[in-house]
Structures are given as C-alpha cells and as structure tokens.
$ cat structure-v4.cif   # mmCIF, C-alpha atoms
data_target
#
loop_
_atom_site.group_PDB
_atom_site.id
_atom_site.type_symbol
_atom_site.label_atom_id
_atom_site.label_comp_id
_atom_site.auth_asym_id
_atom_site.auth_seq_id
_atom_site.Cartn_x
_atom_site.Cartn_y
_atom_site.Cartn_z
ATOM 1 C CA MET A 177 0.000 0.000 0.000
ATOM 2 C CA ILE A 178 1.387 3.405 -0.899
ATOM 3 C CA ALA A 179 1.126 5.887 1.887
ATOM 4 C CA SER A 180 -0.116 9.358 1.133
ATOM 5 C CA VAL A 181 0.107 12.712 2.813
ATOM 6 C CA THR A 182 -3.070 14.586 3.468
ATOM 7 C CA ALA A 183 -3.243 18.248 2.634
ATOM 8 C CA GLU A 184 -3.578 19.004 6.313
ATOM 9 C CA GLU A 185 -0.528 17.065 7.414
ATOM 10 C CA SER A 186 2.301 19.252 8.611
ATOM 11 C CA SER A 187 5.869 18.736 7.568
ATOM 12 C CA PHE A 188 9.202 19.248 9.262
ATOM 13 C CA ASP A 189 11.513 21.291 7.045
ATOM 14 C CA CYS A 190 15.164 20.884 7.904
ATOM 15 C CA THR A 191 18.742 20.777 6.645
ATOM 16 C CA ILE A 192 20.899 17.659 6.854
ATOM 17 C CA HIS A 193 23.965 17.963 9.071
ATOM 18 C CA GLN A 194 26.658 15.479 9.962
ATOM 19 C CA ILE A 195 28.323 15.552 13.366
ATOM 20 C CA ALA A 196 31.920 14.400 13.619
ATOM 21 C CA SER A 197 33.723 13.825 16.881
ATOM 22 C CA MET A 198 37.199 13.660 18.316
ATOM 23 C CA PRO A 199 37.431 11.689 21.546
ATOM 24 C CA ALA A 200 39.514 12.757 24.501
ATOM 25 C CA LYS A 201 42.410 10.544 25.476
ATOM 26 C CA GLY A 202 41.323 7.087 26.541
ATOM 27 C CA GLU A 203 37.751 7.537 25.380
ATOM 28 C CA PRO A 204 36.278 5.536 22.512
ATOM 29 C CA PRO A 205 35.599 7.117 19.126
ATOM 30 C CA ILE A 206 32.037 8.152 18.454
ATOM 31 C CA PRO A 207 30.519 7.281 15.089
ATOM 32 C CA HIS A 208 29.356 10.073 12.822
ATOM 33 C CA GLN A 209 25.804 11.113 13.478
ATOM 34 C CA THR A 210 23.510 12.399 10.783
ATOM 35 C CA VAL A 211 20.713 14.701 11.819
ATOM 36 C CA CYS A 212 18.262 16.950 10.080
ATOM 37 C CA LYS A 213 17.734 20.225 11.899
ATOM 38 C CA THR A 214 16.014 23.511 11.475
ATOM 39 C CA GLU A 215 18.082 26.588 10.868
ATOM 40 C CA GLY A 216 17.920 29.570 13.146
ATOM 41 C CA LYS A 217 18.322 30.345 16.771
ATOM 42 C CA VAL A 218 16.317 27.466 18.182
ATOM 43 C CA GLU A 219 17.437 24.049 16.956
ATOM 44 C CA ASN A 220 14.835 21.406 16.302
ATOM 45 C CA TYR A 221 16.224 18.237 14.917
ATOM 46 C CA VAL A 222 15.586 14.598 14.110
ATOM 47 C CA SER A 223 18.145 11.816 13.961
ATOM 48 C CA LEU A 224 18.311 10.091 10.595
ATOM 49 C CA ASP A 225 18.427 6.326 11.029
ATOM 50 C CA GLY A 226 18.893 3.755 8.278
ATOM 51 C CA ASP A 227 20.863 3.793 5.058
ATOM 52 C CA ILE A 228 21.069 7.436 4.026
ATOM 53 C CA ASP A 229 23.099 6.663 0.896
ATOM 54 C CA ALA A 230 20.479 4.197 -0.319
ATOM 55 C CA PHE A 231 17.792 6.761 0.400
ATOM 56 C CA PHE A 232 19.508 9.409 -1.720
ATOM 57 C CA LEU A 233 20.161 7.043 -4.589
ATOM 58 C CA LYS A 234 16.398 7.164 -5.080
ATOM 59 C CA SER A 235 16.287 10.955 -4.825
ATOM 60 C CA PRO A 236 16.900 13.474 -7.659
ATOM 61 C CA PHE A 237 20.370 14.270 -6.279
ATOM 62 C CA ASP A 238 21.936 10.806 -5.816
ATOM 63 C CA GLN A 239 23.766 12.015 -2.731
ATOM 64 C CA PHE A 240 23.432 14.597 -0.023
ATOM 65 C CA GLU A 241 25.662 17.473 0.976
ATOM 66 C CA ALA A 242 25.960 18.177 4.684
ATOM 67 C CA GLY A 243 24.763 21.635 5.583
ATOM 68 C CA ARG A 244 23.098 22.164 2.217
ATOM 69 C CA THR A 245 20.655 19.403 1.371
ATOM 70 C CA GLN A 246 17.202 19.987 2.789
ATOM 71 C CA LEU A 247 14.332 17.658 3.569
ATOM 72 C CA SER A 248 10.653 18.246 3.979
ATOM 73 C CA ILE A 249 9.475 15.379 6.192
ATOM 74 C CA PRO A 250 5.826 14.598 6.922
ATOM 75 C CA THR A 251 5.604 14.673 10.701
ATOM 76 C CA SER A 252 3.829 11.313 10.709
ATOM 77 C CA LEU A 253 7.113 9.699 9.682
ATOM 78 C CA ILE A 254 8.957 11.055 12.714
ATOM 79 C CA SER A 255 8.841 8.664 15.647
ATOM 80 C CA ASP A 256 9.152 9.873 19.238
ATOM 81 C CA GLY A 257 9.402 13.350 17.767
ATOM 82 C CA LYS A 258 13.105 12.744 17.265
ATOM 83 C CA ARG A 259 13.824 9.890 14.863
ATOM 84 C CA LEU A 260 13.296 9.214 11.180
ATOM 85 C CA ASP A 261 13.782 5.760 9.681
ATOM 86 C CA LEU A 262 15.075 6.249 6.153
ATOM 87 C CA ASP A 263 14.744 2.517 5.477
ATOM 88 C CA ASP A 264 10.966 2.800 5.882
ATOM 89 C CA HIS A 265 9.611 2.550 2.296
ATOM 90 C CA ARG A 266 7.330 5.521 2.986
ATOM 91 C CA SER A 267 10.407 7.731 3.455
ATOM 92 C CA SER A 268 11.469 7.613 -0.182
ATOM 93 C CA GLU A 269 7.865 8.141 -1.279
ATOM 94 C CA LEU A 270 6.903 11.016 0.971
ATOM 95 C CA ILE A 271 10.010 12.992 1.857
ATOM 96 C CA VAL A 272 10.811 15.884 -0.458
ATOM 97 C CA THR A 273 14.508 16.569 -1.033
ATOM 98 C CA ARG A 274 15.991 19.805 -2.284
ATOM 99 C CA ARG A 275 19.163 21.860 -2.166
ATOM 100 C CA ARG A 276 19.397 25.128 -0.325
ATOM 101 C CA LEU A 277 18.770 27.965 -2.702
ATOM 102 C CA GLY A 278 21.157 30.818 -3.247
ATOM 103 C CA ARG A 279 24.896 31.050 -3.465
ATOM 104 C CA LYS A 280 26.943 28.693 -1.435
ATOM 105 C CA VAL A 281 28.853 30.534 1.244
ATOM 106 C CA ILE A 282 32.451 29.419 1.192
ATOM 107 C CA HIS A 283 33.966 29.678 4.653
ATOM 108 C CA ARG A 284 37.450 29.048 3.427
ATOM 109 C CA ILE A 285 38.270 32.641 2.583
ATOM 110 C CA GLY A 286 37.805 35.957 4.309
ATOM 111 C CA THR A 287 37.745 37.054 7.920
ATOM 112 C CA TRP A 288 35.345 35.280 10.251
ATOM 113 C CA LYS A 289 34.330 36.146 13.758
ATOM 114 C CA VAL A 290 34.355 33.390 16.355
ATOM 115 C CA LEU A 291 32.242 33.433 19.506
ATOM 116 C CA ALA A 292 33.325 31.253 22.422
ATOM 117 C CA VAL A 293 30.445 30.404 24.737
ATOM 118 C CA ARG A 294 31.032 29.254 28.317
ATOM 119 C CA VAL A 295 28.097 26.987 29.072
ATOM 120 C CA ILE A 296 27.133 27.012 32.762
ATOM 121 C CA ASP A 297 24.457 24.764 34.195
ATOM 122 C CA SER A 298 21.706 25.782 36.617
ATOM 123 C CA THR A 299 23.860 24.962 39.632
ATOM 124 C CA GLY A 300 26.602 27.312 38.465
ATOM 125 C CA ASP A 301 28.871 24.515 37.293
ATOM 126 C CA GLY A 302 30.810 25.862 34.333
ATOM 127 C CA PRO A 303 34.043 25.406 32.390
ATOM 128 C CA THR A 304 37.292 25.430 34.337
ATOM 129 C CA LYS A 305 38.680 28.447 32.494
ATOM 130 C CA ASP A 306 37.088 31.791 33.271
ATOM 131 C CA LYS A 307 36.239 34.251 30.507
ATOM 132 C CA ARG A 308 39.591 35.953 30.560
ATOM 133 C CA ASN A 309 41.636 32.762 30.462
ATOM 134 C CA LEU A 310 39.459 31.151 27.826
ATOM 135 C CA ALA A 311 39.786 34.226 25.620
ATOM 136 C CA HIS A 312 43.522 34.083 26.174
ATOM 137 C CA ASP A 313 43.710 30.420 25.162
ATOM 138 C CA ILE A 314 41.577 30.802 22.052
ATOM 139 C CA PHE A 315 42.392 34.266 20.790
ATOM 140 C CA ASP A 316 45.448 35.718 22.555
ATOM 141 C CA ASP A 317 47.834 32.862 23.290
ATOM 142 C CA ALA A 318 50.640 32.278 20.823
ATOM 143 C CA LEU A 319 48.959 28.968 20.023
ATOM 144 C CA ASN A 320 45.459 29.876 19.043
ATOM 145 C CA LEU A 321 43.035 30.242 16.186
ATOM 146 C CA VAL A 322 44.446 33.623 15.265
ATOM 147 C CA SER A 323 48.020 32.408 14.946
ATOM 148 C CA ILE A 324 46.833 29.323 13.117
ATOM 149 C CA CYS A 325 45.035 31.450 10.564
ATOM 150 C CA VAL A 326 48.285 33.236 9.744
ATOM 151 C CA VAL A 327 49.614 29.919 8.514
ATOM 152 C CA ILE A 328 46.530 29.364 6.415
ATOM 153 C CA ILE A 329 46.819 32.850 4.950
ATOM 154 C CA ALA A 330 50.387 32.090 3.996
ATOM 155 C CA GLU A 331 49.172 28.900 2.403
ATOM 156 C CA TYR A 332 46.681 30.766 0.250
ATOM 157 C CA ALA A 333 49.272 33.331 -0.698
ATOM 158 C CA ARG A 334 51.535 30.670 -2.135
ATOM 159 C CA MET B 289 41.537 32.979 5.973
ATOM 160 C CA LYS B 290 41.408 34.830 9.234
ATOM 161 C CA PHE B 291 39.611 34.417 12.524
ATOM 162 C CA LYS B 292 38.977 37.065 15.120
ATOM 163 C CA ALA B 293 37.019 37.407 18.317
ATOM 164 C CA ALA B 294 33.303 38.063 18.078
ATOM 165 C CA THR B 295 31.771 41.252 19.362
ATOM 166 C CA GLY B 296 28.397 42.131 20.825
ATOM 167 C CA ASN B 297 26.378 42.680 23.960
ATOM 168 C CA GLY B 298 27.907 40.844 26.886
ATOM 169 C CA VAL B 299 30.789 39.543 24.808
ATOM 170 C CA GLN B 300 34.194 40.062 26.399
ATOM 171 C CA ASN B 301 37.199 39.396 24.193
ATOM 172 C CA GLY B 302 35.132 37.023 22.081
ATOM 173 C CA VAL B 303 33.759 35.077 25.058
ATOM 174 C CA ILE B 304 30.285 35.055 26.581
ATOM 175 C CA ASP B 305 28.614 33.112 29.405
ATOM 176 C CA VAL B 306 25.228 31.453 29.075
ATOM 177 C CA THR B 307 23.393 29.706 31.907
ATOM 178 C CA LEU B 308 21.270 26.647 31.199
ATOM 179 C CA SER B 309 17.944 26.009 32.896
ATOM 180 C CA LYS B 310 18.878 22.588 34.257
ATOM 181 C CA ILE B 311 21.713 20.737 35.938
ATOM 182 C CA MET B 312 24.067 19.250 33.355
ATOM 183 C CA SER B 313 23.381 15.646 34.348
ATOM 184 C CA SER B 314 19.669 16.016 33.604
ATOM 185 C CA TYR B 315 20.112 16.594 29.869
ATOM 186 C CA ARG B 316 19.257 13.498 27.864
ATOM 187 C CA ASP B 317 21.966 14.207 25.286
ATOM 188 C CA VAL B 318 24.418 16.886 24.299
ATOM 189 C CA ALA B 319 22.145 18.022 21.476
ATOM 190 C CA GLU B 320 19.532 19.118 23.989
ATOM 191 C CA ALA B 321 22.071 21.095 26.025
ATOM 192 C CA ARG B 322 23.680 22.482 22.866
ATOM 193 C CA SER B 323 20.358 23.663 21.476
ATOM 194 C CA GLU B 324 19.499 25.485 24.684
ATOM 195 C CA ALA B 325 22.954 27.060 24.877
ATOM 196 C CA ILE B 326 22.689 28.373 21.335
ATOM 197 C CA SER B 327 19.229 29.776 21.998
ATOM 198 C CA LEU B 328 20.669 31.774 24.908
ATOM 199 C CA ILE B 329 23.203 33.671 22.815
ATOM 200 C CA PRO B 330 21.984 37.290 22.744
ATOM 201 C CA GLN B 331 20.501 38.614 19.531
ATOM 202 C CA GLY B 332 22.845 40.834 17.592
ATOM 203 C CA THR B 333 26.053 39.084 18.535
ATOM 204 C CA ASP B 334 28.327 39.516 15.564
ATOM 205 C CA HIS B 335 29.868 36.157 14.759
ATOM 206 C CA THR B 336 29.959 33.352 12.212
ATOM 207 C CA PHE B 337 31.470 30.395 14.047
ATOM 208 C CA THR B 338 30.420 29.344 17.539
ATOM 209 C CA ILE B 339 32.556 27.396 20.017
ATOM 210 C CA LEU B 340 30.556 25.956 22.917
ATOM 211 C CA VAL B 341 32.584 25.070 25.998
ATOM 212 C CA PHE B 342 30.789 22.721 28.387
ATOM 213 C CA PRO B 343 31.839 21.994 31.971
ATOM 214 C CA ASP B 344 33.638 18.771 32.748
ATOM 215 C CA SER B 345 30.397 17.439 34.266
ATOM 216 C CA SER B 346 29.136 17.053 30.685
ATOM 217 C CA LYS B 347 31.295 13.935 30.354
ATOM 218 C CA PRO B 348 28.341 11.483 30.392
ATOM 219 C CA ILE B 349 26.863 13.154 27.319
ATOM 220 C CA LEU B 350 29.935 14.603 25.652
ATOM 221 C CA SER B 351 32.997 12.568 24.848
ATOM 222 C CA GLY B 352 35.738 14.888 23.668
ATOM 223 C CA ALA B 353 34.739 17.445 21.073
ATOM 224 C CA GLN B 354 32.294 17.483 18.198
ATOM 225 C CA ALA B 355 31.380 19.689 15.247
ATOM 226 C CA PHE B 356 28.985 19.993 12.367
ATOM 227 C CA ILE B 357 30.619 19.170 9.051
ATOM 228 C CA ASN B 358 30.096 22.165 6.778
ATOM 229 C CA GLY B 359 28.488 23.892 9.714
ATOM 230 C CA LYS B 360 29.229 26.771 12.032
ATOM 231 C CA VAL B 361 29.138 25.236 15.513
ATOM 232 C CA SER B 362 31.605 23.075 17.424
ATOM 233 C CA TRP B 363 31.405 21.995 21.056
ATOM 234 C CA TYR B 364 34.020 20.848 23.550
ATOM 235 C CA ARG B 365 34.255 19.332 26.977
ATOM 236 C CA ASP B 366 35.950 21.843 29.228
ATOM 237 C CA LEU B 367 39.725 22.125 28.762
ATOM 238 C CA LEU B 368 39.715 20.580 25.290
ATOM 239 C CA ALA B 369 38.586 23.996 24.054
ATOM 240 C CA SER B 370 41.874 25.432 25.257
ATOM 241 C CA ASP B 371 43.801 22.965 23.144
ATOM 242 C CA PRO B 372 44.580 24.398 19.702
ATOM 243 C CA THR B 373 44.764 20.984 18.103
ATOM 244 C CA PHE B 374 41.212 20.150 19.155
ATOM 245 C CA LEU B 375 40.089 23.600 18.018
ATOM 246 C CA LEU B 376 41.711 23.161 14.656
ATOM 247 C CA HIS B 377 40.404 19.631 14.170
ATOM 248 C CA GLU B 378 36.815 20.666 14.898
ATOM 249 C CA LEU B 379 37.162 23.836 12.870
ATOM 250 C CA GLY B 380 38.340 21.613 10.039
ATOM 251 C CA HIS B 381 35.005 19.839 10.259
ATOM 252 C CA ASN B 382 33.188 23.181 10.114
ATOM 253 C CA LEU B 383 35.207 23.939 6.990
ATOM 254 C CA GLY B 384 34.015 20.715 5.384
ATOM 255 C CA HIS B 385 36.804 18.253 6.147
ATOM 256 C CA GLY B 386 36.014 14.740 7.290
ATOM 257 C CA HIS B 387 38.369 12.523 9.242
ATOM 258 C CA SER B 388 41.535 11.325 7.605
ATOM 259 C CA GLY B 389 41.548 7.594 8.081
ATOM 260 C CA ASN B 390 43.522 4.518 7.253
ATOM 261 C CA GLY B 391 41.765 1.243 6.585
ATOM 262 C CA ASN B 392 39.012 0.725 9.105
ATOM 263 C CA ASN B 393 40.388 3.334 11.457
ATOM 264 C CA VAL B 394 38.653 6.643 10.743
ATOM 265 C CA TYR B 395 41.411 8.496 12.627
ATOM 266 C CA GLY B 396 44.134 6.279 11.210
ATOM 267 C CA ASP B 397 46.125 8.842 9.243
ATOM 268 C CA PRO B 398 48.950 9.893 11.577
ATOM 269 C CA THR B 399 50.114 12.626 9.236
ATOM 270 C CA CYS B 400 47.084 14.862 9.172
ATOM 271 C CA MET B 401 45.247 17.178 11.540
ATOM 272 C CA MET B 402 42.020 15.426 10.619
ATOM 273 C CA GLY B 403 43.520 12.066 11.643
ATOM 274 C CA VAL B 404 45.231 11.005 14.815
ATOM 275 C CA SER B 405 48.006 13.536 14.490
ATOM 276 C CA SER B 406 45.595 16.063 15.883
ATOM 277 C CA LEU B 407 45.332 14.170 19.150
ATOM 278 C CA PRO B 408 47.699 16.057 21.385
ATOM 279 C CA TYR B 409 48.502 13.588 24.098
ATOM 280 C CA SER B 410 50.066 10.440 22.784
ATOM 281 C CA ASN B 411 50.070 10.862 19.054
ATOM 282 C CA PHE B 412 52.483 13.720 18.584
ATOM 283 C CA TYR B 413 55.271 11.190 18.410
ATOM 284 C CA VAL B 414 55.392 11.573 14.652
ATOM 285 C CA PRO B 415 58.729 13.187 13.884
ATOM 286 C CA LEU B 416 58.629 16.563 12.205
ATOM 287 C CA LEU B 417 60.613 15.194 9.291
ATOM 288 C CA GLU B 418 58.020 12.509 8.687
ATOM 289 C CA LEU B 419 55.302 15.129 8.656
ATOM 290 C CA GLU B 420 57.247 17.258 6.224
ATOM 291 C CA LEU B 421 57.726 14.344 3.866
ATOM 292 C CA THR B 422 53.991 13.839 3.645
ATOM 293 C CA LEU B 423 53.117 17.450 2.989
ATOM 294 C CA ASN B 424 52.765 17.196 -0.725
ATOM 295 C CA SER B 425 50.839 13.958 -0.729
ATOM 296 C CA SER B 426 48.076 14.929 1.666
ATOM 297 C CA ILE B 427 44.845 16.591 0.677
ATOM 298 C CA HIS B 428 45.024 18.400 4.002
ATOM 299 C CA THR B 429 48.286 20.136 3.267
ATOM 300 C CA SER B 430 47.350 23.360 4.990
ATOM 301 C CA PHE B 431 46.438 21.546 8.148
ATOM 302 C CA ASN B 432 49.663 19.594 8.148
ATOM 303 C CA ARG B 433 51.635 22.798 7.912
ATOM 304 C CA VAL B 434 49.712 24.044 10.890
ATOM 305 C CA VAL B 435 50.587 20.890 12.822
ATOM 306 C CA ILE B 436 54.254 21.534 12.238
ATOM 307 C CA ILE B 437 53.999 25.112 13.396
ATOM 308 C CA ILE B 438 52.079 24.104 16.500
ATOM 309 C CA LEU B 439 54.460 21.262 17.273
ATOM 310 C CA THR B 440 57.462 23.482 16.901
ATOM 311 C CA GLU B 441 56.011 26.179 19.106
ATOM 312 C CA MET B 442 54.955 23.628 21.695
ATOM 313 C CA MET B 443 58.391 22.111 21.820
ATOM 314 C CA ILE B 444 60.029 25.504 22.101
ATOM 315 C CA LYS B 445 57.715 26.537 24.903
ATOM 316 C CA GLY B 446 57.724 23.217 26.704
ATOM 317 C CA LYS B 447 53.967 22.989 26.270
ATOM 318 C CA TYR B 448 54.306 19.656 24.496
ATOM 319 C CA VAL B 449 55.763 18.067 27.606
ATOM 320 C CA SER B 450 53.053 19.413 29.865
ATOM 321 C CA MET B 451 50.380 18.109 27.536
ATOM 322 C CA GLN B 452 51.823 14.624 27.629
ATOM 323 C CA GLN B 453 51.768 14.699 31.391
ATOM 324 C CA ARG B 454 48.121 15.773 31.591
#

$ encode --input "structure-v4.cif" --output "structure tokens"
Amino acid sequence: MIASVTAEESSFDCTIHQIASMPAKGEPPIPHQTVCKTEGKVENYVSLDGDIDAFFLKSPFDQFEAGRTQLSIPTSLISDGKRLDLDDHRSSELIVTRRRLGRKVIHRIGTWKVLAVRVIDSTGDGPTKDKRNLAHDIFDDALNLVSICVVIIAEYAR
Amino acid sequence: MKFKAATGNGVQNGVIDVTLSKIMSSYRDVAEARSEAISLIPQGTDHTFTILVFPDSSKPILSGAQAFINGKVSWYRDLLASDPTFLLHELGHNLGHGHSGNGNNVYGDPTCMMGVSSLPYSNFYVPLLELELTLNSSIHTSFNRVVIIILTEMMIKGKYVSMQQR
C-alpha cells in the first residue's frame, strides 16, 4: 500500500547535518551522526536512522551534501518526535529533497568572527577556564586560532 | 583565511557566558544542552562560528569534542577547548573536512590534523621530518603545515611536555 500525505498534514523542514567527533584521550571514538535540523536560533532536529546513501540514490540528487541538502518530512514519519527511519519505504515516497537555494557561502576565505560560549548549568557549574583565560587560550595565546590562521593565509598566498 | 574574536552585547574578548535552565546531568543528550545554549546567545552578537565550551560534568553526554561538518558550531568538553589541536580539528570539520583515516580506522592517518596527528597527548610522536615528507601527498596540506607550526612552538615553549603529562 502506498502511503499518502493529506493536505492538512504538517511537515518538518530541515537541513541535513553530519556531526563528527574527536574523543579525549582514553575515550572511545564516536561514530558520525547524521541529523536533520532547522536553521535559526532554536534548533529542532531529528536523527536520521537507516541507510542514508540508499535513500539518496532514489532521490533526484543521488547524494546529499551536509549543511546544504534539505528535507521536507511529513511529521507522521517522525517517531518519538526525534527519529526518522530512512529505510521505511514511505520515506522515499513522501520525503521531499531539495538543495538550499542561493549562493553557497564558502567559509574558506575571508575574515570570520568566532564566539566562544562558556556553558554554565543551573547549579553554576561551568568550564574550568574563566572568561579571561578562555579568551587568552583561544584568541590571545601564541597557540590559538588567530596564529593558526596566519599559517593558512600564507598557504593561500603561495 | 582569518579568525577574530566576536563582538556584541555581553561579549568580552570574544567570550560570553550562558546559563542553562537545568543541571548538566539532567540533559538526555548533548544536542539538547547544545540547542538550549545556542538559543541563549543574545541577539545581535556579531559572529559566524560558535565554540561551545561545556563543563567537565558534561562527560556522560559529551565525549571529547564534536562539530557539524560544513556547519558553524563546534562543542568541547571543558579544557579541550583550550587545546589548539582540538580547536583546529573541529574547525576543520566546520570547513568541510572529514576525518583522515587509514583502513578501518577513521582516525588512522597519523600525518594529518584530521587524523590522529591532531590528538595532542600520545600521538604527537610523529617526527617533524616525517610530517614534512607527507606534505605534498596529503589533501590536508594546509592543516599539516599548521601541525608543524604548533608542534614546533609547543616544543620551544615546553607545552608539548606538559600536555603529555596531563
């Protein structure tokens, strides 16, 4: 039976993102996660389970591009409000795929501002480094993003 | 390419504090805590990339550091955010790089920032000469050059030794 979407059914519009990890010493590697999340200040997201490559082979694009490929998912396909099974045959029939419109922003050139956020929980437990020391480590220390970028600039100038 | 500290209301030297509504251990996963943290960043803050630094108590939900590939956000457990090799590795993900692996080991390339060479503790054993020899063969040439610079500076400053002892 082919499932169908009623005109009234809402959809979850989101962009596919992949999360990559680097474990701390002695901790096991974490597999890549693929999620589809809304853009903007408040993140809503679903985890994409199943064979994403097989799913996209049936789509107009053959493959997806993290941060750029968008899905429009009927909310009835999302289980627990958080998971989407791409192996479910209804997924390839009902989910609309598209690419983000507009020019692709290339982050590899130019000057970019970085915001470091100290996340503190409700009990006041926060990162070890205070604001001043964290800023020093990331922006002011000799070994930081700013000094690293000098190397990259030199690379582009070659 | 150049990075500089963000500016905006409440931002001091590129750093801002946000306070979550719950105790860290009550979040079901890091995505939930990350989403709330991002929502708490004041409107009008002028920045492109965001580095979220969680307290060490986030360990049950956050192993090491993570980032969106081709995205603008990376997040770190506590002191890992002060480690330039972790910063650069995760930033590499934001810039679109995946891991540099070898066989079944996704981190198996010891010559590249996006492989194990970016792990600061036990994997900086790779001699500088060996890194230099691989420069032209790696697709992550820029990152490898950065590794050499960082390594050299660390060795000069003695920071390399202190990292190994951590």

$ closest_residue --input "structure-v4.cif" --among "A:Arg259, A:Arg308, A:Arg275, A:His193" --to "Asn382 of chain B" --atoms "only C-alpha atoms"
A:His193

$ resolve_selection --input "structure-v4.cif" --expression "the PyMOL selection byres ((chain B and resi 347-349) around 10)" --output "PyMOL selection string"
chain B and resi 312-319+321+342-346+350-352+365-366

$ write_last_selection --input "structure-v4.cif" --atoms "C-alpha atoms" --output "PDB file, in the frame of the given file"
ATOM      1  CA  MET B 312      24.067  19.250  33.355  1.00  0.00           C
ATOM      2  CA  SER B 313      23.381  15.646  34.348  1.00  0.00           C
ATOM      3  CA  SER B 314      19.669  16.016  33.604  1.00  0.00           C
ATOM      4  CA  TYR B 315      20.112  16.594  29.869  1.00  0.00           C
ATOM      5  CA  ARG B 316      19.257  13.498  27.864  1.00  0.00           C
ATOM      6  CA  ASP B 317      21.966  14.207  25.286  1.00  0.00           C
ATOM      7  CA  VAL B 318      24.418  16.886  24.299  1.00  0.00           C
ATOM      8  CA  ALA B 319      22.145  18.022  21.476  1.00  0.00           C
ATOM      9  CA  ALA B 321      22.071  21.095  26.025  1.00  0.00           C
ATOM     10  CA  PHE B 342      30.789  22.721  28.387  1.00  0.00           C
ATOM     11  CA  PRO B 343      31.839  21.994  31.971  1.00  0.00           C
ATOM     12  CA  ASP B 344      33.638  18.771  32.748  1.00  0.00           C
ATOM     13  CA  SER B 345      30.397  17.439  34.266  1.00  0.00           C
ATOM     14  CA  SER B 346      29.136  17.053  30.685  1.00  0.00           C
ATOM     15  CA  LEU B 350      29.935  14.603  25.652  1.00  0.00           C
ATOM     16  CA  SER B 351      32.997  12.568  24.848  1.00  0.00           C
ATOM     17  CA  GLY B 352      35.738  14.888  23.668  1.00  0.00           C
ATOM     18  CA  ARG B 365      34.255  19.332  26.977  1.00  0.00           C
ATOM     19  CA  ASP B 366      35.950  21.843  29.228  1.00  0.00           C
TER      20      ASP B 366
END

$ resolve_selection --input "structure-v4.cif" --expression "the PyMOL selection byres ((chain B) within 7 of (chain A))" --output "JSON, numbers by chain"
{"B": [289, 290, 291, 292, 293, 294, 301, 302, 303, 304, 305, 306, 307, 308, 309, 310, 311, 312, 323, 325, 326, 327, 335, 336, 337, 338, 339, 340, 341, 342, 343, 344, 351, 352, 353, 354, 355, 356, 357, 358, 359, 366, 367, 370, 372, 383, 409, 430, 434, 438]}

$ atom_distance --input "structure-v4.cif" --atom1 "atom CA of Leu253 of chain A" --atom2 "atom CA of Lys360 of chain B"
28.0 Å

$ atom_distance --input "structure-v4.cif" --atom1 "atom CA of Asp264 of chain A" --atom2 "atom CA of Phe188 of chain A"
16.9 Å

$ residues_around --input "structure-v4.cif" --residues "Gly380 of chain B" --least-positions-apart "4" --cutoff "9 Å" --atoms "only C-alpha atoms" --output "list of chain:residue names"
B:Ala355, B:Ile357, B:Asn358, B:Leu375, B:Leu376, B:Gly384, B:His385, B:Gly386, B:Met401, B:Met402, B:Phe431

$ residues_around --input "structure-v4.cif" --residues "Asp189 of chain A" --least-positions-apart "6" --cutoff "8 Å" --atoms "only C-alpha atoms" --output "list in words"
Lys213, Thr214, Gln246, Leu247, Ser248 and Ile249 of chain A

$ resolve_selection --input "structure-v4.cif" --expression "the PyMOL selection byres ((chain A and resi 271) around 7)" --output "PyMOL selection string"
chain A and resi 247-250+267-270+272-273

$ write_last_selection --input "structure-v4.cif" --atoms "C-alpha atoms" --output "mmCIF file, in the coordinates of the input"
data_model
loop_
_atom_site.group_PDB
_atom_site.id
_atom_site.type_symbol
_atom_site.label_atom_id
_atom_site.label_comp_id
_atom_site.auth_asym_id
_atom_site.auth_seq_id
_atom_site.Cartn_x
_atom_site.Cartn_y
_atom_site.Cartn_z
ATOM 1 C CA LEU A 247 14.332 17.658 3.569
ATOM 2 C CA SER A 248 10.653 18.246 3.979
ATOM 3 C CA ILE A 249 9.475 15.379 6.192
ATOM 4 C CA PRO A 250 5.826 14.598 6.922
ATOM 5 C CA SER A 267 10.407 7.731 3.455
ATOM 6 C CA SER A 268 11.469 7.613 -0.182
ATOM 7 C CA GLU A 269 7.865 8.141 -1.279
ATOM 8 C CA LEU A 270 6.903 11.016 0.971
ATOM 9 C CA VAL A 272 10.811 15.884 -0.458
ATOM 10 C CA THR A 273 14.508 16.569 -1.033
#

$ atom_distance --input "structure-v4.cif" --atom1 "atom CA of Phe374 of chain B" --atom2 "atom CA of Asn390 of chain B"
19.8 Å

$ closest_residue --input "structure-v4.cif" --among "A:Leu224, A:Ala230, A:Leu262, A:Ile254" --to "Cys212 of chain A" --atoms "all atoms listed in the file"
A:Leu224

$ closest_residue --input "structure-v4.cif" --among "B:Ile329, B:Cys400, B:Val361, B:Val299" --to "His381 of chain B" --atoms "only C-alpha atoms"
B:Val361

$ build_atoms --input "structure-v4.cif" --residues "segment 297-307 of chain B" --atoms "N, CA and C atoms" --output "CSV table (one decimal), keeping the file's coordinate frame"
chain,number,residue,atom,x,y,z
B,297,ASN,N,26.8,42.5,22.6
B,297,ASN,CA,26.4,42.7,24.0
B,297,ASN,C,26.8,41.5,24.9
B,298,GLY,N,27.5,41.9,25.9
B,298,GLY,CA,27.9,40.8,26.9
B,298,GLY,C,29.1,40.0,26.5
B,299,VAL,N,29.6,40.3,25.3
B,299,VAL,CA,30.8,39.5,24.8
B,299,VAL,C,32.1,40.2,25.3
B,300,GLN,N,32.9,39.5,26.0
B,300,GLN,CA,34.2,40.1,26.4
B,300,GLN,C,35.3,39.3,25.7
B,301,ASN,N,36.1,40.0,24.9
B,301,ASN,CA,37.2,39.4,24.2
B,301,ASN,C,36.8,38.1,23.5
B,302,GLY,N,35.6,38.2,22.9
B,302,GLY,CA,35.1,37.0,22.1
B,302,GLY,C,34.5,35.9,22.9
B,303,VAL,N,34.3,36.1,24.2
B,303,VAL,CA,33.8,35.1,25.1
B,303,VAL,C,32.5,35.6,25.8
B,304,ILE,N,31.5,34.7,25.9
B,304,ILE,CA,30.3,35.1,26.6
B,304,ILE,C,29.9,33.9,27.5
B,305,ASP,N,29.2,34.2,28.6
B,305,ASP,CA,28.6,33.1,29.4
B,305,ASP,C,27.1,32.9,29.1
B,306,VAL,N,26.7,31.7,29.1
B,306,VAL,CA,25.2,31.5,29.1
B,306,VAL,C,24.9,30.4,30.2
B,307,THR,N,23.8,30.6,30.8
B,307,THR,CA,23.4,29.7,31.9
B,307,THR,C,22.2,28.9,31.5
